[in-house]
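Data block for structure.txt (compact mmCIF, C-alpha atoms):
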# COMPACT_ATOMS: atom_id res chain seq x y z
CA MET G 1 4.13 26.32 -5.35
CA PRO G 2 5.54 24.55 -2.27
CA ARG G 3 6.45 20.95 -2.79
CA THR G 4 3.92 18.51 -1.30
CA VAL G 5 5.41 16.02 1.10
CA ALA G 6 5.09 12.44 -0.15
CA PRO G 7 3.03 10.19 2.18
CA TRP G 8 6.08 8.07 3.05
CA GLU G 9 8.05 11.14 4.12
CA ILE G 10 5.48 12.23 6.72
CA LYS G 11 6.74 11.82 10.28
CA ARG G 12 4.02 10.96 12.78
CA GLU G 13 4.20 10.95 16.54
CA THR G 14 2.11 8.73 18.79
CA LEU G 15 -0.31 10.51 21.10
CA VAL G 16 -1.47 8.70 24.23
CA LYS G 17 -5.14 8.96 25.16
CA ALA G 18 -5.36 6.20 27.77
CA GLU G 19 -3.30 3.30 29.12
CA ASP G 20 -4.30 -0.36 29.12
CA ARG G 21 -2.70 -3.75 28.79
CA THR G 22 -3.34 -6.50 26.28
CA ASP G 23 -4.25 -10.06 27.22
CA PRO G 24 -1.59 -12.44 25.80
CA SER G 25 -4.15 -15.27 25.47
CA PHE G 26 -5.87 -13.65 22.48
CA GLY G 27 -4.44 -12.62 19.14
CA CYS G 28 -0.76 -12.67 18.30
CA LYS G 29 1.96 -10.20 17.33
CA PRO G 30 2.30 -10.13 13.53
CA GLU G 31 5.92 -11.34 13.66
CA GLU G 32 5.03 -14.28 15.93
CA ARG G 33 2.32 -15.81 13.76
CA GLN G 34 2.44 -19.51 12.93
CA PRO G 35 3.81 -20.21 9.42
CA GLU G 36 0.38 -20.98 7.92
CA GLU G 37 -1.06 -17.87 9.54
CA SER G 38 1.76 -15.66 8.32
CA MET G 39 1.03 -16.83 4.77
CA LYS G 40 -2.67 -16.16 5.25
CA PHE G 41 -2.01 -12.65 6.57
CA GLY G 42 1.01 -12.03 4.37
CA VAL G 43 2.10 -9.70 1.61
CA ILE G 44 4.86 -10.26 -0.92
CA ASN G 45 6.90 -7.32 -2.16
CA LEU G 46 7.33 -8.73 -5.64
CA ASP G 47 9.65 -7.52 -8.38
CA LYS G 48 7.38 -7.68 -11.41
CA PRO G 49 9.10 -9.02 -14.54
CA ALA G 50 8.62 -7.26 -17.89
CA GLY G 51 6.10 -8.84 -20.24
CA PRO G 52 3.18 -10.31 -18.33
CA SER G 53 0.50 -8.02 -16.89
CA SER G 54 0.21 -7.37 -13.15
CA HIS G 55 -2.88 -9.52 -13.19
CA GLU G 56 -1.08 -12.47 -14.77
CA VAL G 57 1.81 -12.16 -12.32
CA ALA G 58 -0.63 -12.22 -9.39
CA ALA G 59 -2.28 -15.31 -10.89
CA TRP G 60 1.12 -17.01 -11.15
CA VAL G 61 1.86 -16.29 -7.50
CA LYS G 62 -1.50 -17.80 -6.62
CA ARG G 63 -0.67 -20.96 -8.58
CA ILE G 64 2.93 -21.32 -7.35
CA LEU G 65 1.99 -20.85 -3.69
CA LYS G 66 -1.22 -22.93 -4.07
CA LEU G 67 -3.49 -20.24 -2.65
CA GLU G 68 -7.17 -19.41 -3.06
CA HIS G 69 -7.04 -15.62 -3.13
CA VAL G 70 -4.42 -13.11 -4.15
CA GLY G 71 -4.62 -9.45 -5.01
CA HIS G 72 -2.15 -6.82 -6.15
CA GLY G 73 -1.66 -3.24 -5.14
CA GLY G 74 -1.64 -0.97 -8.14
CA THR G 75 -1.46 -2.16 -11.73
CA LEU G 76 1.91 -1.83 -13.38
CA GLU G 77 1.29 -2.12 -17.11
CA ALA G 78 2.94 -4.90 -19.07
CA MET C 79 7.45 -2.34 -17.16
CA THR C 80 9.01 -3.81 -14.08
CA GLY C 81 9.40 -3.10 -10.39
CA VAL C 82 7.62 -3.19 -7.08
CA LEU C 83 4.26 -4.97 -7.20
CA PRO C 84 2.88 -5.82 -3.77
CA VAL C 85 0.95 -9.09 -3.94
CA THR C 86 -1.48 -9.74 -1.12
CA LEU C 87 -2.24 -13.31 -0.05
CA GLU C 88 -5.56 -14.75 1.15
CA GLU C 89 -6.89 -12.65 4.07
CA SER C 90 -4.46 -9.79 3.47
CA THR C 91 -6.14 -9.15 0.09
CA LYS C 92 -8.40 -6.85 2.10
CA VAL C 93 -5.62 -4.28 2.45
CA VAL C 94 -5.24 -3.63 -1.31
CA GLN C 95 -7.62 -0.70 -0.96
CA ALA C 96 -4.98 1.06 1.15
CA LEU C 97 -2.23 0.17 -1.32
CA LEU C 98 -4.07 1.37 -4.43
CA TYR C 99 -4.36 4.90 -3.12
CA SER C 100 -0.88 5.01 -1.65
CA GLY C 101 1.85 7.03 -3.38
CA LYS C 102 4.20 5.51 -5.93
CA GLU C 103 7.72 6.24 -7.10
CA TYR C 104 9.08 5.44 -10.54
CA VAL C 105 12.34 5.72 -12.43
CA CYS C 106 11.56 6.44 -16.07
CA VAL C 107 13.33 6.83 -19.40
CA MET C 108 11.56 9.39 -21.57
CA LYS C 109 12.43 9.66 -25.26
CA LEU C 110 12.26 13.12 -26.78
CA HIS C 111 11.26 13.58 -30.42
CA GLY C 112 13.78 16.34 -30.99
CA ASN C 113 17.11 17.63 -29.74
CA LEU C 114 16.85 20.00 -26.80
CA PRO C 115 19.33 21.48 -24.31
CA GLU C 116 19.46 19.90 -20.86
CA ASP C 117 18.56 23.04 -18.91
CA GLN C 118 15.31 23.39 -20.86
CA VAL C 119 14.31 19.81 -20.06
CA ARG C 120 15.20 20.32 -16.38
CA LYS C 121 13.11 23.48 -16.24
CA VAL C 122 10.01 21.92 -17.81
CA LEU C 123 10.21 18.82 -15.59
CA LYS C 124 10.22 21.08 -12.50
CA GLU C 125 7.02 22.74 -13.73
CA PHE C 126 5.22 19.41 -13.36
CA GLU C 127 6.10 19.16 -9.66
CA ASP C 128 2.58 20.15 -8.66
CA ALA C 129 -1.01 19.00 -8.95
CA ILE C 130 -1.56 17.98 -12.58
CA TYR C 131 -4.62 17.16 -14.65
CA GLN C 132 -4.81 13.79 -16.36
CA ARG C 133 -7.44 12.02 -18.39
CA PRO C 134 -6.94 8.22 -18.14
CA PRO C 135 -5.74 6.73 -21.46
CA LEU C 136 -8.03 4.82 -23.86
CA ARG C 137 -6.76 1.50 -22.58
CA ALA C 138 -7.54 2.09 -18.94
CA SER C 139 -9.60 0.20 -16.40
CA VAL C 140 -11.13 3.31 -14.81
CA LYS C 141 -13.69 5.86 -15.91
CA ARG C 142 -12.14 8.27 -18.40
CA GLN C 143 -12.81 11.56 -16.73
CA LEU C 144 -10.34 14.36 -16.10
CA ARG C 145 -8.82 14.04 -12.66
CA THR C 146 -6.07 15.69 -10.68
CA ARG C 147 -3.03 13.87 -9.41
CA ARG C 148 -0.25 15.23 -7.26
CA ILE C 149 3.38 14.97 -8.27
CA TYR C 150 5.39 15.05 -5.03
CA TYR C 151 8.74 15.32 -6.74
CA LEU C 152 10.10 15.01 -10.25
CA ASP C 153 13.89 14.80 -10.25
CA PHE C 154 15.96 14.95 -13.41
CA LEU C 155 18.71 12.31 -13.16
CA GLU C 156 20.58 12.34 -16.47
CA MET C 157 20.26 12.83 -20.19
CA ASP C 158 21.90 11.08 -23.12
CA GLY C 159 20.97 12.49 -26.51
CA ARG C 160 17.19 12.24 -26.68
CA ASN C 161 16.86 9.89 -23.71
CA VAL C 162 15.97 11.55 -20.42
CA LEU C 163 16.17 9.65 -17.14
CA PHE C 164 14.08 10.94 -14.26
CA LYS C 165 12.65 9.86 -10.92
CA VAL C 166 9.09 10.73 -9.99
CA GLY C 167 7.16 10.43 -6.73
CA CYS C 168 3.42 10.71 -7.31
CA GLU C 169 -0.05 9.98 -6.03
CA GLY C 170 -1.56 6.55 -6.77
CA GLY C 171 -3.29 6.50 -10.14
CA THR C 172 -0.90 8.82 -11.98
CA TYR C 173 -0.19 7.66 -15.52
CA ILE C 174 3.51 8.12 -16.23
CA ARG C 175 3.02 7.42 -19.95
CA LYS C 176 0.62 10.36 -19.99
CA LEU C 177 3.04 12.48 -17.96
CA CYS C 178 5.83 11.87 -20.51
CA PHE C 179 3.50 12.79 -23.37
CA ASP C 180 2.48 16.01 -21.62
CA VAL C 181 6.09 16.94 -20.84
CA GLY C 182 6.78 16.47 -24.56
CA GLU C 183 3.93 18.82 -25.45
CA VAL C 184 5.26 21.55 -23.15
CA LEU C 185 8.77 21.07 -24.54
CA GLY C 186 7.29 21.45 -28.01
CA CYS C 187 9.12 18.55 -29.61
CA GLY C 188 6.94 15.72 -28.30
CA ALA C 189 8.07 12.77 -26.17
CA HIS C 190 7.07 9.29 -25.15
CA MET C 191 7.74 6.88 -22.29
CA GLN C 192 10.49 4.47 -23.24
CA GLU C 193 11.16 2.47 -20.09
CA LEU C 194 9.59 2.38 -16.64
CA ARG C 195 10.48 0.79 -13.32
CA ARG C 196 8.46 1.24 -10.16
CA THR C 197 10.75 1.78 -7.18
CA ARG C 198 8.05 2.22 -4.55
CA ALA C 199 4.40 1.36 -3.94
CA GLY C 200 3.26 2.83 -0.63
CA PRO C 201 5.59 1.46 2.05
CA PHE C 202 7.13 -1.19 -0.23
CA VAL C 203 10.46 -0.26 -1.77
CA GLU C 204 12.69 -1.73 -4.44
CA ASP C 205 15.52 -2.64 -2.00
CA ASN C 206 13.80 -5.70 -0.55
CA CYS C 207 11.55 -6.83 -3.38
CA VAL C 208 11.78 -10.48 -4.43
CA ARG C 209 11.80 -11.96 -7.90
CA LEU C 210 9.27 -14.61 -8.92
CA HIS C 211 11.80 -17.41 -9.23
CA ASP C 212 13.35 -16.57 -5.81
CA MET C 213 9.87 -16.70 -4.34
CA ALA C 214 9.20 -20.09 -5.95
CA TYR C 215 12.57 -21.41 -4.70
CA TRP C 216 12.09 -20.25 -1.11
CA PHE C 217 8.56 -21.58 -1.07
CA MET C 218 9.84 -25.02 -2.11
CA GLN C 219 12.60 -24.88 0.50
CA TRP C 220 10.03 -24.03 3.13
CA GLN C 221 7.76 -26.90 2.08
CA GLU C 222 10.63 -29.39 2.15
CA LYS C 223 12.49 -28.27 5.26
CA LYS C 224 9.63 -26.72 7.21
CA ASP C 225 12.00 -24.00 8.36
CA GLU C 226 10.26 -20.70 8.90
CA LYS C 227 13.28 -18.67 7.87
CA PHE C 228 12.56 -19.46 4.20
CA LEU C 229 9.02 -18.16 4.53
CA LYS C 230 10.28 -14.98 6.19
CA LYS C 231 12.50 -14.36 3.15
CA PHE C 232 9.55 -13.56 0.91
CA VAL C 233 6.42 -13.02 3.01
CA GLN C 234 5.89 -9.94 5.16
CA PRO C 235 2.99 -9.42 7.58
CA MET C 236 0.08 -7.46 6.06
CA GLU C 237 0.62 -4.79 8.73
CA GLN C 238 3.66 -3.77 6.69
CA ALA C 239 1.32 -2.62 3.89
CA LEU C 240 -0.20 -0.11 6.31
CA ALA C 241 3.13 1.40 7.42
CA SER C 242 2.39 4.85 6.01
CA VAL C 243 -1.31 4.94 6.95
CA PRO C 244 -1.96 6.78 10.27
CA LYS C 245 -2.94 4.39 13.04
CA ILE C 246 -5.22 4.23 16.06
CA TYR C 247 -4.51 1.63 18.74
CA ILE C 248 -7.52 0.26 20.59
CA ARG C 249 -8.35 -1.73 23.72
CA ASP C 250 -8.67 -5.52 23.60
CA SER C 251 -12.29 -5.10 24.64
CA ALA C 252 -13.07 -2.99 21.56
CA VAL C 253 -11.44 -5.33 19.02
CA ASP C 254 -14.24 -7.83 18.44
CA ALA C 255 -16.90 -5.14 18.13
CA VAL C 256 -14.85 -3.52 15.34
CA CYS C 257 -14.39 -6.96 13.77
CA HIS C 258 -18.18 -7.20 13.61
CA GLY C 259 -18.31 -3.87 11.79
CA ALA C 260 -19.06 -1.50 14.67
CA ASN C 261 -17.72 2.02 14.35
CA LEU C 262 -14.88 2.90 16.65
CA THR C 263 -15.91 5.08 19.58
CA ALA C 264 -13.77 7.27 21.84
CA PRO C 265 -13.59 5.04 24.96
CA GLY C 266 -11.94 2.25 22.94
CA VAL C 267 -9.04 4.43 21.80
CA LEU C 268 -5.73 4.11 23.65
CA ARG C 269 -3.15 5.70 21.38
CA LEU C 270 -3.24 7.45 18.04
CA GLU C 271 -0.86 9.00 15.56
CA SER C 272 -0.69 12.70 14.85
CA GLY C 273 -1.81 14.22 11.56
CA ILE C 274 -5.17 12.46 11.24
CA MET C 275 -7.75 14.72 9.61
CA GLU C 276 -11.50 14.31 9.37
CA GLY C 277 -12.20 12.06 6.40
CA SER C 278 -8.70 10.59 6.11
CA LEU C 279 -8.09 6.86 5.84
CA LEU C 280 -6.68 5.30 8.98
CA ALA C 281 -5.78 1.85 10.24
CA VAL C 282 -7.21 0.47 13.47
CA PHE C 283 -4.60 -1.63 15.30
CA SER C 284 -4.66 -3.82 18.40
CA LEU C 285 -2.11 -3.27 21.18
CA LYS C 286 -0.22 -6.29 19.86
CA GLY C 287 0.26 -4.45 16.59
CA GLU C 288 -2.24 -6.50 14.58
CA ALA C 289 -4.32 -4.76 11.92
CA VAL C 290 -8.00 -4.84 12.90
CA ALA C 291 -9.68 -2.67 10.27
CA LEU C 292 -9.41 0.19 7.80
CA ALA C 293 -11.55 3.15 8.78
CA ARG C 294 -12.40 6.72 7.83
CA ALA C 295 -11.62 9.29 10.53
CA ALA C 296 -14.63 11.21 11.85
CA ALA C 297 -12.44 13.80 13.61
CA SER C 298 -8.85 15.10 13.68
CA SER C 299 -6.09 13.68 15.91
CA GLU C 300 -6.34 16.61 18.34
CA HIS C 301 -10.11 16.33 18.49
CA ILE C 302 -10.07 12.55 19.06
CA LEU C 303 -7.60 13.05 21.90
CA SER C 304 -10.08 15.27 23.74
CA MET C 305 -13.22 13.22 23.03
CA ASP C 306 -14.77 11.13 25.79
CA HIS C 307 -17.66 9.67 23.80
CA GLY C 308 -18.95 9.43 20.25
CA VAL C 309 -17.74 7.91 16.98
CA VAL C 310 -14.06 8.43 16.25
CA ALA C 311 -13.83 6.49 12.99
CA LYS C 312 -16.23 4.77 10.60
CA VAL C 313 -15.09 1.25 9.77
CA GLU C 314 -14.74 0.65 6.02
CA ARG C 315 -12.97 -2.69 5.82
CA VAL C 316 -12.58 -5.27 8.56
CA LEU C 317 -9.20 -7.03 8.34
CA MET C 318 -9.18 -9.33 11.38
CA PRO C 319 -11.42 -12.42 11.46
CA ARG C 320 -14.29 -12.23 13.94
CA GLY C 321 -13.78 -14.09 17.19
CA THR C 322 -10.00 -13.54 17.37
CA TYR C 323 -10.61 -11.54 20.55
CA PRO C 324 -13.43 -12.22 23.04
CA ARG C 325 -16.71 -10.44 22.56
CA CYS C 326 -17.13 -7.74 25.22
CA TRP C 327 -20.23 -5.86 24.24
CA LYS C 328 -23.75 -6.19 25.62
CA SER C 329 -26.59 -7.02 23.31
CA GLY C 330 -29.97 -8.70 23.61
CA GLU C 331 -29.60 -10.88 20.55
CA LYS C 332 -26.90 -13.39 19.86
CA VAL C 333 -25.28 -12.15 16.69
CA ASP C 334 -22.65 -14.88 16.57
CA GLU C 335 -25.22 -17.63 16.16
CA GLN C 336 -26.13 -16.34 12.71
CA LYS C 337 -24.52 -17.79 9.66
CA PRO C 338 -21.59 -15.67 8.47
Spit out the file's structure as structure tokens when you get a sec.
Amino acid sequence: MPRTVAPWEIKRETLVKAEDRTDPSFGCKPEERQPEESMKFGVINLDKPAGPSSHEVAAWVKRILKLEHVGHGGTLEA
Amino acid sequence: MTGVLPVTLEESTKVVQALLYSGKEYVCVMKLHGNLPEDQVRKVLKEFEDAIYQRPPLRASVKRQLRTRRIYYLDFLEMDGRNVLFKVGCEGGTYIRKLCFDVGEVLGCGAHMQELRRTRAGPFVEDNCVRLHDMAYWFMQWQEKKDEKFLKKFVQPMEQALASVPKIYIRDSAVDAVCHGANLTAPGVLRLESGIMEGSLLAVFSLKGEAVALARAAASSEHILSMDHGVVAKVERVLMPRGTYPRCWKSGEKVDEQKP
């Protein structure tokens, strides 16, 4: 059985279909967002401590950062 | 159990769908219930480097039906008495506790999961993950000093969560239509990544590198490249707020006047 390549090991190349330019007056590069915006469109790569559940940890983040919505990617059991 | 847990904030919560299905990597200590030689353990672990069947455990939040999960790699690291340390790369939704139990069954002596640390969740790796108290500290520093560098220490743009999802870059003029839930059609496509297959999840990006939506491919990369009309991808989750880009499509009714 050949080993399946993990998704993060896949190398992709960019294929060009057409050329066009983007208008700088709309939108914004992700790394140039205003601080409030970068929070709103942000993700934290958190190191989960042992003990509390993933859900609880996400709720703590929500409380500490005074946010309205948080989610977590993939439950890591307590 | 500790390790990488990507936490999405506010608007970015919409990308969790992509993270849940993304691959994971763990480092695990498995405790054997008997004494076995190292080469036997190594051999059995290698046998699991394949598609495996798993029924979710009793205490699970998903339907308990038999499902297959792919193990990308399962590397033996070291062994001390009955403790076996290994590293496993697997599809999202693989239960490592179950994997340890099954390895124990094949070995004949039985085994259980002793210790687990997640070292990767999709594109997020252990190297740059932040601890809760560091996060709280940097957040306070940012609030007091209003210096963006503290925010940058713990928050990454949501586009980072889509790093290993294949992408399609679209014209400015197509952005707002996609934000309103329209399917992506061929004329809007500027660039795309190779390896997209019909039915695979992809991310629609603007030329500025902003995430616009998550979509399901309606054709392969090669096919999309040759298309001059028709639907390229079906939008599943809009990520960018409507009205970020100007509306460029013709329609008799004014959709924007409606309440959101």
**Item:** Atomic distance CA of Glu204 (chain C) - CA of Cys28 (chain G), expressed in Å with one decimal
**Value:**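 Separation of CA of Glu204 (chain C) and CA of Cys28 (chain G): 28.6 Å.
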**Asked** Which is closest to chain C among G:Glu32, G:Glu37, G:Asp47, G:Glu9, if we use only C-alpha atoms?
**Response**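 Once distances to chain C are computed over only C-alpha atoms, the minimum belongs to G:Asp47.
Straight-line separation from CA of Leu285 (chain C) to CA of Asp225 (chain C): 28.2 Å.
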**Asked** What is the distance, in Å and to one decimal place, between CA of Ala58 (chain G) and CA of Pro84 (chain C)?
**Response**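 The value is 9.2 Å.
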**Fill in**
For Pro235 (chain C), the closest of C:Thr86, C:Arg325, C:Met213, C:Asp180 counting all atoms listed in the file is C:Thr86
**Message:** Near chain C, meaning an atom within 6 Å, which residues of chain G appear when counting all atoms listed in the file? Write them as a ChimeraX atom specification.
**Reply:** /G:4,6,8,12-18,26-27,29-30,40-50,69-74,78
**Message:** Which residues are near Arg145 (chain C)? Cut-off 10 Å, only C-alpha atoms, ignore same chain within fewer than 5 positions. Put them as a PyMOL selection string.
**Reply:** chain C and resi 129-134+171-172
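Of the listed residues G:Glu31, G:Pro52, G:Met39, G:Glu19, the one whose atoms come nearest to Leu65 (chain G) is G:Met39, with distances taken using only C-alpha atoms.
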Axis-aligned box for region 4-22 of chain G, 3 Å per side, centre and edges in Å as JSON:
{"center_x": 1.3, "center_y": 6.0, "center_z": 13.9, "size_x": 19.4, "size_y": 31.0, "size_z": 36.4}
**Item:** Residue among C:Val140, C:Val313, C:Cys326, C:Leu123 lying closest to Gly259 (chain C), counting only C-alpha atoms
**Value:**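 Residue with the minimum atom-to-atom distance to Gly259 (chain C): C:Val313.
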**Request:** Counting only C-alpha atoms, figure out which residue out of C:Ser278, C:Leu155, C:Leu292, C:Lys328 gets nearest to Leu240 (chain C).
**Result:**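 Smallest separation from Leu240 (chain C) among the options: C:Leu292.
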Exercise: Val309 (chain C) partners within 10 Å, all atoms listed in the file, chain neighbours under 6 positions left out, as an mmCIF file with C-alpha atoms, in the frame of the given file:
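Okay, around_37.cif is ready:
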data_model
loop_
_atom_site.group_PDB
_atom_site.id
_atom_site.type_symbol
_atom_site.label_atom_id
_atom_site.label_comp_id
_atom_site.auth_asym_id
_atom_site.auth_seq_id
_atom_site.Cartn_x
_atom_site.Cartn_y
_atom_site.Cartn_z
ATOM 1 C CA ALA C 260 -19.060 -1.500 14.670
ATOM 2 C CA ASN C 261 -17.720 2.020 14.350
ATOM 3 C CA LEU C 262 -14.880 2.900 16.650
ATOM 4 C CA THR C 263 -15.910 5.080 19.580
ATOM 5 C CA ALA C 264 -13.770 7.270 21.840
ATOM 6 C CA PRO C 265 -13.590 5.040 24.960
ATOM 7 C CA ALA C 295 -11.620 9.290 10.530
ATOM 8 C CA ALA C 296 -14.630 11.210 11.850
ATOM 9 C CA ALA C 297 -12.440 13.800 13.610
ATOM 10 C CA ILE C 302 -10.070 12.550 19.060
#
**Complete:** Across C:Gly182, C:Arg294, C:Arg315, C:Asp153, the smallest distance to Lys165 (chain C), with only C-alpha atoms counted, is shown by C:Asp153
Please write region 107-165 of chain C of the preceding block to a file containing C-alpha atoms, as a PDB file, in the first residue's frame?
ATOM      1  CA  VAL C 107       2.566   7.704  24.410  1.00  0.00           C
ATOM      2  CA  MET C 108       0.912   4.304  24.202  1.00  0.00           C
ATOM      3  CA  LYS C 109       1.079   1.935  27.162  1.00  0.00           C
ATOM      4  CA  LEU C 110       1.257  -1.760  26.354  1.00  0.00           C
ATOM      5  CA  HIS C 111      -0.330  -4.313  28.684  1.00  0.00           C
ATOM      6  CA  GLY C 112       2.496  -6.792  28.248  1.00  0.00           C
ATOM      7  CA  ASN C 113       6.184  -6.977  27.419  1.00  0.00           C
ATOM      8  CA  LEU C 114       6.936  -7.161  23.716  1.00  0.00           C
ATOM      9  CA  PRO C 115      10.081  -6.799  21.594  1.00  0.00           C
ATOM     10  CA  GLU C 116      10.586  -3.476  19.814  1.00  0.00           C
ATOM     11  CA  ASP C 117      10.669  -4.890  16.277  1.00  0.00           C
ATOM     12  CA  GLN C 118       7.224  -6.437  16.746  1.00  0.00           C
ATOM     13  CA  VAL C 119       5.762  -3.107  17.879  1.00  0.00           C
ATOM     14  CA  ARG C 120       7.426  -1.314  14.940  1.00  0.00           C
ATOM     15  CA  LYS C 121       6.018  -3.849  12.495  1.00  0.00           C
ATOM     16  CA  VAL C 122       2.443  -3.623  13.790  1.00  0.00           C
ATOM     17  CA  LEU C 123       2.496   0.193  13.842  1.00  0.00           C
ATOM     18  CA  LYS C 124       3.519   0.201  10.155  1.00  0.00           C
ATOM     19  CA  GLU C 125       0.501  -1.978   9.342  1.00  0.00           C
ATOM     20  CA  PHE C 126      -1.770   0.864  10.452  1.00  0.00           C
ATOM     21  CA  GLU C 127      -0.247   3.287   7.923  1.00  0.00           C
ATOM     22  CA  ASP C 128      -3.262   2.961   5.653  1.00  0.00           C
ATOM     23  CA  ALA C 129      -6.997   3.594   5.582  1.00  0.00           C
ATOM     24  CA  ILE C 130      -8.417   2.246   8.850  1.00  0.00           C
ATOM     25  CA  TYR C 131     -11.922   1.586  10.123  1.00  0.00           C
ATOM     26  CA  GLN C 132     -13.053   3.280  13.307  1.00  0.00           C
ATOM     27  CA  ARG C 133     -16.303   3.424  15.201  1.00  0.00           C
ATOM     28  CA  PRO C 134     -16.462   6.647  17.275  1.00  0.00           C
ATOM     29  CA  PRO C 135     -16.230   5.930  21.031  1.00  0.00           C
ATOM     30  CA  LEU C 136     -19.251   5.972  23.378  1.00  0.00           C
ATOM     31  CA  ARG C 137     -18.386   9.449  24.583  1.00  0.00           C
ATOM     32  CA  ALA C 138     -18.318  11.098  21.192  1.00  0.00           C
ATOM     33  CA  SER C 139     -20.159  14.044  19.728  1.00  0.00           C
ATOM     34  CA  VAL C 140     -20.754  12.434  16.327  1.00  0.00           C
ATOM     35  CA  LYS C 141     -22.973   9.637  15.071  1.00  0.00           C
ATOM     36  CA  ARG C 142     -21.520   6.275  16.075  1.00  0.00           C
ATOM     37  CA  GLN C 143     -21.235   4.597  12.737  1.00  0.00           C
ATOM     38  CA  LEU C 144     -18.225   2.796  11.318  1.00  0.00           C
ATOM     39  CA  ARG C 145     -16.145   5.140   9.213  1.00  0.00           C
ATOM     40  CA  THR C 146     -12.811   5.071   7.457  1.00  0.00           C
ATOM     41  CA  ARG C 147      -9.970   7.391   8.297  1.00  0.00           C
ATOM     42  CA  ARG C 148      -6.627   7.660   6.582  1.00  0.00           C
ATOM     43  CA  ILE C 149      -3.365   7.390   8.482  1.00  0.00           C
ATOM     44  CA  TYR C 150      -0.790   9.311   6.434  1.00  0.00           C
ATOM     45  CA  TYR C 151       2.157   8.197   8.499  1.00  0.00           C
ATOM     46  CA  LEU C 152       2.733   6.422  11.784  1.00  0.00           C
ATOM     47  CA  ASP C 153       6.344   6.712  12.902  1.00  0.00           C
ATOM     48  CA  PHE C 154       7.750   4.794  15.840  1.00  0.00           C
ATOM     49  CA  LEU C 155       9.967   7.157  17.861  1.00  0.00           C
ATOM     50  CA  GLU C 156      11.131   5.242  20.931  1.00  0.00           C
ATOM     51  CA  MET C 157      10.193   2.641  23.481  1.00  0.00           C
ATOM     52  CA  ASP C 158      10.882   2.373  27.196  1.00  0.00           C
ATOM     53  CA  GLY C 159       9.583  -0.801  28.810  1.00  0.00           C
ATOM     54  CA  ARG C 160       5.864  -0.826  28.083  1.00  0.00           C
ATOM     55  CA  ASN C 161       5.699   2.817  26.996  1.00  0.00           C
ATOM     56  CA  VAL C 162       5.782   3.389  23.248  1.00  0.00           C
ATOM     57  CA  LEU C 163       6.258   6.871  21.802  1.00  0.00           C
ATOM     58  CA  PHE C 164       5.047   7.459  18.264  1.00  0.00           C
ATOM     59  CA  LYS C 165       4.115  10.262  15.884  1.00  0.00           C
TER      60      LYS C 165
END
